[in-house]
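Peer 1: Sharing a structure with you now.
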Amino acid sequence: MRLFQGYLFSRPTLVEARLLSPSQASIVQLLNLVRSQAPTSEIEEALKKDAGLAFNLMRLINSAGLGLTREITSFRQAVLLLGLKKLFRWAALLLTVARSGGTPPAVGQTAVVRGRLMELLAREFMSPEQADQAFVIGVFSMLDQMLGMPLEPALDLLHLPDELAAALLRRDNAYGQLLTLAEACESSDDCRFDQAAQSLRLSSQQINLAHLQALAWADQMTQG
């Protein structure tokens, strides 16, 4: 017996792209700076132009339960303690809380659950760095709905590595299979669930536990 709970969200048909909101544009700029490992001073300058963005980034990092001995109060401190690669995942989370137009909160919540679920499952057979990548893929898999444009041009804004884009657009590689599994958990699609689970050699017990943990973690993120 499989028990899944979460946010069932019907994917709408997107007929036309809309312009990014100022906050979304700032986050996309931040993501590209972090991904390209720009100098810390350059990234700090981008954050200074959007105080709300900087505040939300610090709030997310400090609510993450990272076991830090003290609260992170500056971007420079965050870089020193986490590193740019880790910081990229928290910057990605910002897109889930950036509201634009008619984007409902359920979209961001589903993206967070999906990313965390993929990360937890990836830890079963991938390196910690690859698990971080799985988290980012899960969040970015709903980029079309968060930004209000088809997925491929939305991904083009971020200049992602080919491996990540392939997982998102074609469900290629293990990342793509994890994404398929996460989507099956949301829709209770037993056929896709079984196929993806067998392909990844994950048990129903592992997946159920990870899903419940992902739901709890997402609640912590949104209420923190």
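As shown in the structure tokens, the chain order sets the letters A, B, ...; within each chain, residues go from 1, and ligands are also counted from 1 in the order they appear.
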Considering only C-alpha atoms, return as a PyMOL selection string whatever protein or nucleic-acid residues lie within 10 Å of stretch 47-50 of chain A, sequence-local ones (same chain, fewer than 5 positions apart) excluded.
Peer 2: chain A and resi 22-23+26-27+29-30+41-42+55+57+75
Peer 1: Taking all heavy atoms for each residue, export the selection above as a PDB file, in the first residue's frame.
Peer 2:
ATOM      1  N   PRO A  22      10.293  42.218 -11.872  1.00  0.00           N
ATOM      2  CA  PRO A  22      11.612  42.710 -11.425  1.00  0.00           C
ATOM      3  C   PRO A  22      12.297  41.758 -10.452  1.00  0.00           C
ATOM      4  O   PRO A  22      13.514  41.545 -10.542  1.00  0.00           O
ATOM      5  CB  PRO A  22      11.260  44.042 -10.759  1.00  0.00           C
ATOM      6  CG  PRO A  22      10.028  44.500 -11.476  1.00  0.00           C
ATOM      7  CD  PRO A  22       9.244  43.240 -11.746  1.00  0.00           C
ATOM      8  N   SER A  23      11.538  41.176  -9.519  1.00  0.00           N
ATOM      9  CA  SER A  23      12.160  40.263  -8.551  1.00  0.00           C
ATOM     10  C   SER A  23      12.660  38.996  -9.233  1.00  0.00           C
ATOM     11  O   SER A  23      13.741  38.484  -8.905  1.00  0.00           O
ATOM     12  CB  SER A  23      11.172  39.909  -7.431  1.00  0.00           C
ATOM     13  OG  SER A  23      10.055  39.218  -7.949  1.00  0.00           O
ATOM     14  N   SER A  26      15.867  39.738 -11.074  1.00  0.00           N
ATOM     15  CA  SER A  26      16.992  39.857 -10.138  1.00  0.00           C
ATOM     16  C   SER A  26      17.491  38.480  -9.710  1.00  0.00           C
ATOM     17  O   SER A  26      18.701  38.255  -9.581  1.00  0.00           O
ATOM     18  CB  SER A  26      16.572  40.654  -8.899  1.00  0.00           C
ATOM     19  OG  SER A  26      16.248  41.983  -9.235  1.00  0.00           O
ATOM     20  N   ILE A  27      16.560  37.553  -9.495  1.00  0.00           N
ATOM     21  CA  ILE A  27      16.945  36.202  -9.070  1.00  0.00           C
ATOM     22  C   ILE A  27      17.667  35.471 -10.195  1.00  0.00           C
ATOM     23  O   ILE A  27      18.666  34.786  -9.971  1.00  0.00           O
ATOM     24  CB  ILE A  27      15.703  35.405  -8.601  1.00  0.00           C
ATOM     25  CG1 ILE A  27      15.104  36.047  -7.350  1.00  0.00           C
ATOM     26  CG2 ILE A  27      16.091  33.956  -8.294  1.00  0.00           C
ATOM     27  CD1 ILE A  27      13.740  35.504  -6.981  1.00  0.00           C
ATOM     28  N   GLN A  29      19.410  36.847 -12.531  1.00  0.00           N
ATOM     29  CA  GLN A  29      20.742  37.445 -12.590  1.00  0.00           C
ATOM     30  C   GLN A  29      21.644  36.862 -11.499  1.00  0.00           C
ATOM     31  O   GLN A  29      22.812  36.523 -11.740  1.00  0.00           O
ATOM     32  CB  GLN A  29      20.655  38.965 -12.435  1.00  0.00           C
ATOM     33  CG  GLN A  29      22.028  39.646 -12.478  1.00  0.00           C
ATOM     34  CD  GLN A  29      21.982  41.107 -12.034  1.00  0.00           C
ATOM     35  OE1 GLN A  29      21.048  41.527 -11.365  1.00  0.00           O
ATOM     36  NE2 GLN A  29      22.997  41.870 -12.422  1.00  0.00           N
ATOM     37  N   LEU A  30      21.094  36.738 -10.281  1.00  0.00           N
ATOM     38  CA  LEU A  30      21.861  36.187  -9.166  1.00  0.00           C
ATOM     39  C   LEU A  30      22.279  34.745  -9.453  1.00  0.00           C
ATOM     40  O   LEU A  30      23.429  34.356  -9.228  1.00  0.00           O
ATOM     41  CB  LEU A  30      21.023  36.247  -7.882  1.00  0.00           C
ATOM     42  CG  LEU A  30      21.619  35.558  -6.652  1.00  0.00           C
ATOM     43  CD1 LEU A  30      22.914  36.242  -6.227  1.00  0.00           C
ATOM     44  CD2 LEU A  30      20.613  35.551  -5.505  1.00  0.00           C
ATOM     45  N   SER A  41      32.302  40.077  -4.609  1.00  0.00           N
ATOM     46  CA  SER A  41      31.954  41.505  -4.603  1.00  0.00           C
ATOM     47  C   SER A  41      30.917  41.828  -5.677  1.00  0.00           C
ATOM     48  O   SER A  41      30.008  42.647  -5.453  1.00  0.00           O
ATOM     49  CB  SER A  41      33.210  42.347  -4.829  1.00  0.00           C
ATOM     50  OG  SER A  41      33.841  41.991  -6.052  1.00  0.00           O
ATOM     51  N   GLU A  42      31.013  41.167  -6.828  1.00  0.00           N
ATOM     52  CA  GLU A  42      30.067  41.403  -7.913  1.00  0.00           C
ATOM     53  C   GLU A  42      28.677  40.877  -7.553  1.00  0.00           C
ATOM     54  O   GLU A  42      27.656  41.502  -7.844  1.00  0.00           O
ATOM     55  CB  GLU A  42      30.580  40.725  -9.184  1.00  0.00           C
ATOM     56  CG  GLU A  42      29.784  41.061 -10.442  1.00  0.00           C
ATOM     57  CD  GLU A  42      30.373  40.427 -11.690  1.00  0.00           C
ATOM     58  OE1 GLU A  42      31.588  40.124 -11.678  1.00  0.00           O
ATOM     59  OE2 GLU A  42      29.625  40.238 -12.664  1.00  0.00           O
ATOM     60  N   PHE A  55      17.367  39.735   1.719  1.00  0.00           N
ATOM     61  CA  PHE A  55      16.717  39.306   2.957  1.00  0.00           C
ATOM     62  C   PHE A  55      16.150  37.898   2.825  1.00  0.00           C
ATOM     63  O   PHE A  55      16.334  37.049   3.705  1.00  0.00           O
ATOM     64  CB  PHE A  55      15.595  40.286   3.327  1.00  0.00           C
ATOM     65  CG  PHE A  55      14.750  39.823   4.485  1.00  0.00           C
ATOM     66  CD1 PHE A  55      15.194  39.976   5.794  1.00  0.00           C
ATOM     67  CD2 PHE A  55      13.520  39.211   4.260  1.00  0.00           C
ATOM     68  CE1 PHE A  55      14.418  39.539   6.857  1.00  0.00           C
ATOM     69  CE2 PHE A  55      12.751  38.765   5.325  1.00  0.00           C
ATOM     70  CZ  PHE A  55      13.199  38.936   6.618  1.00  0.00           C
ATOM     71  N   LEU A  57      17.013  35.547   0.755  1.00  0.00           N
ATOM     72  CA  LEU A  57      18.081  34.563   0.625  1.00  0.00           C
ATOM     73  C   LEU A  57      18.633  34.196   1.998  1.00  0.00           C
ATOM     74  O   LEU A  57      18.807  33.018   2.316  1.00  0.00           O
ATOM     75  CB  LEU A  57      19.201  35.111  -0.266  1.00  0.00           C
ATOM     76  CG  LEU A  57      20.398  34.185  -0.488  1.00  0.00           C
ATOM     77  CD1 LEU A  57      19.961  32.887  -1.162  1.00  0.00           C
ATOM     78  CD2 LEU A  57      21.470  34.872  -1.319  1.00  0.00           C
ATOM     79  N   PHE A  75      25.972  38.046   2.821  1.00  0.00           N
ATOM     80  CA  PHE A  75      26.220  37.176   1.688  1.00  0.00           C
ATOM     81  C   PHE A  75      27.666  36.673   1.695  1.00  0.00           C
ATOM     82  O   PHE A  75      27.932  35.510   1.403  1.00  0.00           O
ATOM     83  CB  PHE A  75      25.927  37.908   0.375  1.00  0.00           C
ATOM     84  CG  PHE A  75      26.098  37.022  -0.821  1.00  0.00           C
ATOM     85  CD1 PHE A  75      25.106  36.140  -1.207  1.00  0.00           C
ATOM     86  CD2 PHE A  75      27.275  37.047  -1.552  1.00  0.00           C
ATOM     87  CE1 PHE A  75      25.280  35.299  -2.285  1.00  0.00           C
ATOM     88  CE2 PHE A  75      27.448  36.223  -2.646  1.00  0.00           C
ATOM     89  CZ  PHE A  75      26.455  35.344  -3.018  1.00  0.00           C
TER      90      PHE A  75
END
Peer 1: Give me, as a ChimeraX atom specification, the residues of stretch 96-223 of chain A that a backbone DSSP run labels alpha helix (DSSP H).
Peer 2: /A:96-97,105-122,128-140,143-147,151-156,162-170,173-187,190-200,204-223
Peer 1: As a PyMOL selection string, please: the residues near A:Phe193 (cut-off 12 Å, only C-alpha atoms, same-chain neighbours under 5 positions excluded).
Peer 2: chain A and resi 2+4+177-188+198-204+207-208
Peer 1: Take the residues just selected and output them with N, CA, C and O atoms as a tab-separated table (two decimals), in the first residue's frame.
Peer 2:
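Here's the written file out-v7.tsv:
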chain	number	residue	atom	x	y	z
A	2	ARG	N	0.63	2.17	-0.91
A	2	ARG	CA	1.41	3.39	-0.99
A	2	ARG	C	0.59	4.57	-0.51
A	2	ARG	O	-0.54	4.76	-0.93
A	4	PHE	N	0.60	8.54	-0.43
A	4	PHE	CA	1.24	9.77	-0.88
A	4	PHE	C	0.38	10.95	-0.49
A	4	PHE	O	-0.84	10.90	-0.61
A	177	GLN	N	15.24	10.36	-14.58
A	177	GLN	CA	14.45	9.28	-13.99
A	177	GLN	C	13.96	9.65	-12.60
A	177	GLN	O	12.83	9.33	-12.21
A	178	LEU	N	14.80	10.35	-11.85
A	178	LEU	CA	14.37	10.84	-10.53
A	178	LEU	C	13.22	11.83	-10.67
A	178	LEU	O	12.28	11.81	-9.87
A	179	LEU	N	13.29	12.68	-11.68
A	179	LEU	CA	12.22	13.65	-11.91
A	179	LEU	C	10.92	12.94	-12.28
A	179	LEU	O	9.84	13.30	-11.79
A	180	THR	N	11.02	11.92	-13.13
A	180	THR	CA	9.84	11.14	-13.49
A	180	THR	C	9.23	10.49	-12.26
A	180	THR	O	8.01	10.47	-12.08
A	181	LEU	N	10.08	9.98	-11.38
A	181	LEU	CA	9.60	9.35	-10.15
A	181	LEU	C	8.90	10.36	-9.26
A	181	LEU	O	7.83	10.08	-8.70
A	182	ALA	N	9.49	11.54	-9.11
A	182	ALA	CA	8.88	12.58	-8.28
A	182	ALA	C	7.51	12.99	-8.82
A	182	ALA	O	6.56	13.18	-8.05
A	183	GLU	N	7.41	13.12	-10.13
A	183	GLU	CA	6.12	13.48	-10.74
A	183	GLU	C	5.10	12.37	-10.52
A	183	GLU	O	3.91	12.65	-10.29
A	184	ALA	N	5.54	11.12	-10.57
A	184	ALA	CA	4.63	10.00	-10.35
A	184	ALA	C	4.12	9.99	-8.91
A	184	ALA	O	2.97	9.63	-8.65
A	185	CYS	N	4.98	10.39	-7.97
A	185	CYS	CA	4.54	10.49	-6.56
A	185	CYS	C	3.43	11.52	-6.41
A	185	CYS	O	2.47	11.31	-5.67
A	186	GLU	N	3.54	12.64	-7.12
A	186	GLU	CA	2.55	13.70	-7.03
A	186	GLU	C	1.21	13.28	-7.62
A	186	GLU	O	0.15	13.67	-7.12
A	187	SER	N	1.26	12.53	-8.69
A	187	SER	CA	0.02	12.17	-9.40
A	187	SER	C	-0.49	10.78	-9.05
A	187	SER	O	-1.52	10.36	-9.55
A	188	SER	N	0.25	10.07	-8.19
A	188	SER	CA	-0.10	8.68	-7.84
A	188	SER	C	-0.22	7.80	-9.08
A	188	SER	O	-1.11	6.96	-9.18
A	198	GLN	N	12.02	0.93	-10.27
A	198	GLN	CA	12.81	-0.24	-10.67
A	198	GLN	C	14.08	0.18	-11.40
A	198	GLN	O	15.16	-0.38	-11.18
A	199	SER	N	13.95	1.18	-12.26
A	199	SER	CA	15.12	1.66	-13.01
A	199	SER	C	16.19	2.21	-12.08
A	199	SER	O	17.39	2.02	-12.31
A	200	LEU	N	15.76	2.90	-11.02
A	200	LEU	CA	16.69	3.50	-10.07
A	200	LEU	C	17.05	2.57	-8.92
A	200	LEU	O	17.87	2.91	-8.06
A	201	ARG	N	16.38	1.40	-8.88
A	201	ARG	CA	16.62	0.41	-7.82
A	201	ARG	C	16.33	0.99	-6.44
A	201	ARG	O	17.10	0.84	-5.50
A	202	LEU	N	15.19	1.67	-6.36
A	202	LEU	CA	14.73	2.23	-5.10
A	202	LEU	C	13.47	1.49	-4.67
A	202	LEU	O	12.61	1.18	-5.50
A	203	SER	N	13.33	1.24	-3.37
A	203	SER	CA	12.15	0.55	-2.87
A	203	SER	C	11.03	1.54	-2.56
A	203	SER	O	11.27	2.74	-2.36
A	204	SER	N	9.81	1.02	-2.50
A	204	SER	CA	8.66	1.86	-2.13
A	204	SER	C	8.85	2.47	-0.75
A	204	SER	O	8.48	3.62	-0.51
A	207	ILE	N	11.16	5.45	-0.97
A	207	ILE	CA	10.52	6.58	-1.64
A	207	ILE	C	9.46	7.22	-0.74
A	207	ILE	O	9.38	8.45	-0.64
A	208	ASN	N	8.65	6.39	-0.09
A	208	ASN	CA	7.62	6.92	0.81
A	208	ASN	C	8.22	7.75	1.93
A	208	ASN	O	7.73	8.85	2.26
Peer 1: So that I can check the surroundings of A:Thr96, please list as a PyMOL selection string every protein, DNA and RNA residue that reaches within 8 Å of it, counting only C-alpha atoms and ignoring chain neighbours fewer than 2 positions away.
Peer 2: chain A and resi 92-94+98-99+107-109+111-112+139+146
Peer 1: Write a file of the selected residues as a PDB file, in the first residue's frame, keeping N, CA, C and O atoms.
Peer 2:
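Ended up saving to selection-v3.pdb:
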ATOM      1  N   ALA A  92      18.249  29.158  -6.051  1.00  0.00           N
ATOM      2  CA  ALA A  92      17.187  28.532  -6.843  1.00  0.00           C
ATOM      3  C   ALA A  92      15.866  28.526  -6.080  1.00  0.00           C
ATOM      4  O   ALA A  92      14.786  28.712  -6.659  1.00  0.00           O
ATOM      5  N   LEU A  93      15.951  28.335  -4.766  1.00  0.00           N
ATOM      6  CA  LEU A  93      14.742  28.326  -3.941  1.00  0.00           C
ATOM      7  C   LEU A  93      14.009  29.665  -3.975  1.00  0.00           C
ATOM      8  O   LEU A  93      12.798  29.721  -3.796  1.00  0.00           O
ATOM      9  N   LEU A  94      14.753  30.731  -4.189  1.00  0.00           N
ATOM     10  CA  LEU A  94      14.132  32.061  -4.206  1.00  0.00           C
ATOM     11  C   LEU A  94      13.060  32.168  -5.289  1.00  0.00           C
ATOM     12  O   LEU A  94      12.075  32.886  -5.137  1.00  0.00           O
ATOM     13  N   ALA A  98       9.047  33.852  -5.326  1.00  0.00           N
ATOM     14  CA  ALA A  98       8.840  35.090  -6.083  1.00  0.00           C
ATOM     15  C   ALA A  98       7.503  35.028  -6.800  1.00  0.00           C
ATOM     16  O   ALA A  98       7.306  34.225  -7.702  1.00  0.00           O
ATOM     17  N   ARG A  99       6.584  35.844  -6.401  1.00  0.00           N
ATOM     18  CA  ARG A  99       5.238  35.834  -6.981  1.00  0.00           C
ATOM     19  C   ARG A  99       5.184  36.738  -8.204  1.00  0.00           C
ATOM     20  O   ARG A  99       5.729  37.838  -8.206  1.00  0.00           O
ATOM     21  N   VAL A 107       2.387  26.310  -6.715  1.00  0.00           N
ATOM     22  CA  VAL A 107       3.450  26.029  -7.686  1.00  0.00           C
ATOM     23  C   VAL A 107       4.803  26.003  -6.977  1.00  0.00           C
ATOM     24  O   VAL A 107       5.583  25.054  -7.122  1.00  0.00           O
ATOM     25  N   GLY A 108       5.097  27.054  -6.218  1.00  0.00           N
ATOM     26  CA  GLY A 108       6.361  27.113  -5.496  1.00  0.00           C
ATOM     27  C   GLY A 108       6.485  26.005  -4.474  1.00  0.00           C
ATOM     28  O   GLY A 108       7.551  25.400  -4.324  1.00  0.00           O
ATOM     29  N   GLN A 109       5.404  25.707  -3.773  1.00  0.00           N
ATOM     30  CA  GLN A 109       5.428  24.651  -2.759  1.00  0.00           C
ATOM     31  C   GLN A 109       5.715  23.300  -3.399  1.00  0.00           C
ATOM     32  O   GLN A 109       6.507  22.501  -2.896  1.00  0.00           O
ATOM     33  N   ALA A 111       7.288  22.761  -6.188  1.00  0.00           N
ATOM     34  CA  ALA A 111       8.674  22.760  -6.661  1.00  0.00           C
ATOM     35  C   ALA A 111       9.640  22.444  -5.531  1.00  0.00           C
ATOM     36  O   ALA A 111      10.617  21.700  -5.714  1.00  0.00           O
ATOM     37  N   VAL A 112       9.389  22.991  -4.342  1.00  0.00           N
ATOM     38  CA  VAL A 112      10.250  22.737  -3.194  1.00  0.00           C
ATOM     39  C   VAL A 112      10.172  21.269  -2.776  1.00  0.00           C
ATOM     40  O   VAL A 112      11.197  20.625  -2.525  1.00  0.00           O
ATOM     41  N   VAL A 139      13.522  21.680  -8.518  1.00  0.00           N
ATOM     42  CA  VAL A 139      12.974  23.040  -8.419  1.00  0.00           C
ATOM     43  C   VAL A 139      12.768  23.636  -9.812  1.00  0.00           C
ATOM     44  O   VAL A 139      11.715  24.197 -10.120  1.00  0.00           O
ATOM     45  N   MET A 146       6.575  28.908 -12.934  1.00  0.00           N
ATOM     46  CA  MET A 146       7.013  30.006 -12.073  1.00  0.00           C
ATOM     47  C   MET A 146       7.292  31.281 -12.868  1.00  0.00           C
ATOM     48  O   MET A 146       7.038  32.384 -12.389  1.00  0.00           O
TER      49      MET A 146
END
Peer 1: Write out as a JSON list (two decimals) with N, CA and C atoms, in the first residue's frame each polymer residue whose atoms come within 10 Å of A:Ala210, counting only C-alpha atoms; drop sequence neighbours fewer than 2 positions from it.
Peer 2:
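Result file follows (part.json):
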[["chain", "number", "residue", "atom", "x", "y", "z"],
["A", 116, "ARG", "N", 13.36, 18.64, -3.00],
["A", 116, "ARG", "CA", 13.85, 17.96, -1.80],
["A", 116, "ARG", "C", 13.70, 16.44, -1.93],
["A", 117, "LEU", "N", 12.60, 15.98, -2.48],
["A", 117, "LEU", "CA", 12.39, 14.54, -2.68],
["A", 117, "LEU", "C", 13.49, 13.98, -3.57],
["A", 118, "MET", "N", 13.76, 14.65, -4.68],
["A", 118, "MET", "CA", 14.80, 14.19, -5.60],
["A", 118, "MET", "C", 16.17, 14.18, -4.92],
["A", 119, "GLU", "N", 16.44, 15.19, -4.11],
["A", 119, "GLU", "CA", 17.72, 15.24, -3.40],
["A", 119, "GLU", "C", 17.86, 14.06, -2.44],
["A", 120, "LEU", "N", 16.84, 13.80, -1.65],
["A", 120, "LEU", "CA", 16.89, 12.72, -0.67],
["A", 120, "LEU", "C", 17.07, 11.36, -1.35],
["A", 121, "LEU", "N", 16.36, 11.15, -2.45],
["A", 121, "LEU", "CA", 16.49, 9.88, -3.16],
["A", 121, "LEU", "C", 17.85, 9.77, -3.84],
["A", 204, "SER", "N", 9.81, 1.02, -2.50],
["A", 204, "SER", "CA", 8.66, 1.86, -2.13],
["A", 204, "SER", "C", 8.85, 2.47, -0.75],
["A", 205, "GLN", "N", 9.45, 1.70, 0.15],
["A", 205, "GLN", "CA", 9.68, 2.20, 1.51],
["A", 205, "GLN", "C", 10.64, 3.39, 1.49],
["A", 206, "GLN", "N", 11.71, 3.30, 0.72],
["A", 206, "GLN", "CA", 12.66, 4.41, 0.62],
["A", 206, "GLN", "C", 11.98, 5.66, 0.06],
["A", 207, "ILE", "N", 11.16, 5.45, -0.97],
["A", 207, "ILE", "CA", 10.52, 6.58, -1.64],
["A", 207, "ILE", "C", 9.46, 7.22, -0.74],
["A", 208, "ASN", "N", 8.65, 6.39, -0.09],
["A", 208, "ASN", "CA", 7.62, 6.92, 0.81],
["A", 208, "ASN", "C", 8.22, 7.75, 1.93],
["A", 212, "LEU", "N", 7.69, 11.87, 2.58],
["A", 212, "LEU", "CA", 7.19, 12.46, 3.82],
["A", 212, "LEU", "C", 8.20, 13.46, 4.39],
["A", 213, "GLN", "N", 9.48, 13.13, 4.32],
["A", 213, "GLN", "CA", 10.51, 14.04, 4.79],
["A", 213, "GLN", "C", 10.56, 15.31, 3.94],
["A", 214, "ALA", "N", 10.35, 15.15, 2.64],
["A", 214, "ALA", "CA", 10.35, 16.30, 1.74],
["A", 214, "ALA", "C", 9.19, 17.23, 2.04],
["A", 215, "LEU", "N", 8.04, 16.67, 2.32],
["A", 215, "LEU", "CA", 6.86, 17.48, 2.66],
["A", 215, "LEU", "C", 7.10, 18.28, 3.94],
["A", 216, "ALA", "N", 7.68, 17.62, 4.94],
["A", 216, "ALA", "CA", 7.96, 18.30, 6.21],
["A", 216, "ALA", "C", 8.99, 19.41, 6.02]]
